[in-house]
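Down below is the structure, laid out as C-alpha cells.
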Amino acid sequence: MNRFALVLIGAALTTGCSKQERSPAPDDTTAAVFTPPRMAPPTPIEGQGHDTPLTAYIGHYPRDAVDGVSFFDRTEVANSLISAVGDPKLRHMITGRAGVTVPIFRYDGKIAAHGCEPHNCDAHNWTFLMAADGSGATACFHDAAAMGNTSRWYSNDAPVSRAGACPQV
C-alpha cells in the first residue's frame with residue numbers, strides 16, 4: 001500500500017471517530033418551577049449562646065466586636081432584623097459595610113443602630129431599633145428623593161409611612 005492510501009484510510013477513520021451526537025436541549029422546566037428554600041433564622045450552637053447583654057454595645061459601632069461578636073452577628077439581633085424587615089435588600093443595606101454608621105445609642109428606651117449613605121446622610125438613612133432583650137424590633141428607612149419628608153417603618157407587618165427622617169443621635 002502506498003502512502004497516499006494510508007493517509008486516506010487514516011483520515012476516514014478519524015472523521016468517523018470524531019462524530020458527535022447532538023445532546024438534547026436542556027430541560028428548562030425545572031428552573032421555572034424552582035422555589036428557593038425558606039430562610040431559616042440563625043441559631044447558636046449548643047453551649048455557644050451570648051452571655052453579654054445587648055446594652056454592652058451602646059457606644060460601640062455596629063461592626064465593633066464586643067466579647068468577640070459584632071452587633072448584627074448576634075443571634076437575637078439577626079433574628080429580630082429578619083422578622084422585622086422582610087426585604088433582603090434593605091436588610092443588607094442596614095448590615096452592610098457600604099454605609100456610614102455611628103455608635104449604637106439609646107432611643108426611646110430601645111437600642112438603636114443608625115447608618116446612612118456616605119455624603120448623603122440627611123437624604124438617605126436608616127435606623128434599626130430593638131429592646132434590650134431582643135424583642136420589639138423595628139426598622140426605619142428614609143429616602144428623601146423617593147419619600148419626601150416621610151420614612152418607611154418596618155415591624156413584622158407591611159411597612160408604614162411616618163413623617164420625618166429616621167431617628168439618629
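Labels used: A, B, ... for chains in the order of the C-alpha cells, numbers from 1 for residues in each chain, and numbers from 1 for ligands as shown.
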
**Request:** Write out as a list in words the residues lying within 6 Å of Met130 in chain A, counting only C-alpha atoms and excluding same-chain residues fewer than 4 positions away.
**Result:** Lys110, Ile111, Gly134, Ser135, Gly136 and Ala137 of chain A

**Request:** Could you give me, as a ChimeraX atom specification, each residue of range 42-92 of chain A that DSSP assigns to strand (DSSP E) when run on this structure's backbone?
**Result:** /A:65-66,69-70

**Item:** In range 44-153 of chain A, DSSP alpha helix (DSSP H) residues written as a ChimeraX atom specification
**Value:** /A:75-84,88-95,144-147

Go through range 49-72 of chain A residue by residue and, counting only C-alpha atoms, keep those with an atom at most 9 Å from range 86-97 of chain A; for each kept residue give the shortest atom pair and its distance in Å to one decimal, ordered by chain and increasing number, as JSON lines.
{"residue": "A:Pro62", "atom": "CA", "partner": "A:Thr95", "partner_atom": "CA", "distance": 8.3}
{"residue": "A:Arg63", "atom": "CA", "partner": "A:Arg97", "partner_atom": "CA", "distance": 8.6}
{"residue": "A:Phe72", "atom": "CA", "partner": "A:Thr95", "partner_atom": "CA", "distance": 6.6}

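The space separating CA of Phe105 in chain A from CA of Phe128 in chain A comes to 10.7 Å.
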
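From CA of Leu54 in chain A back to CA of Arg74 in chain A, the distance works out to 8.8 Å.
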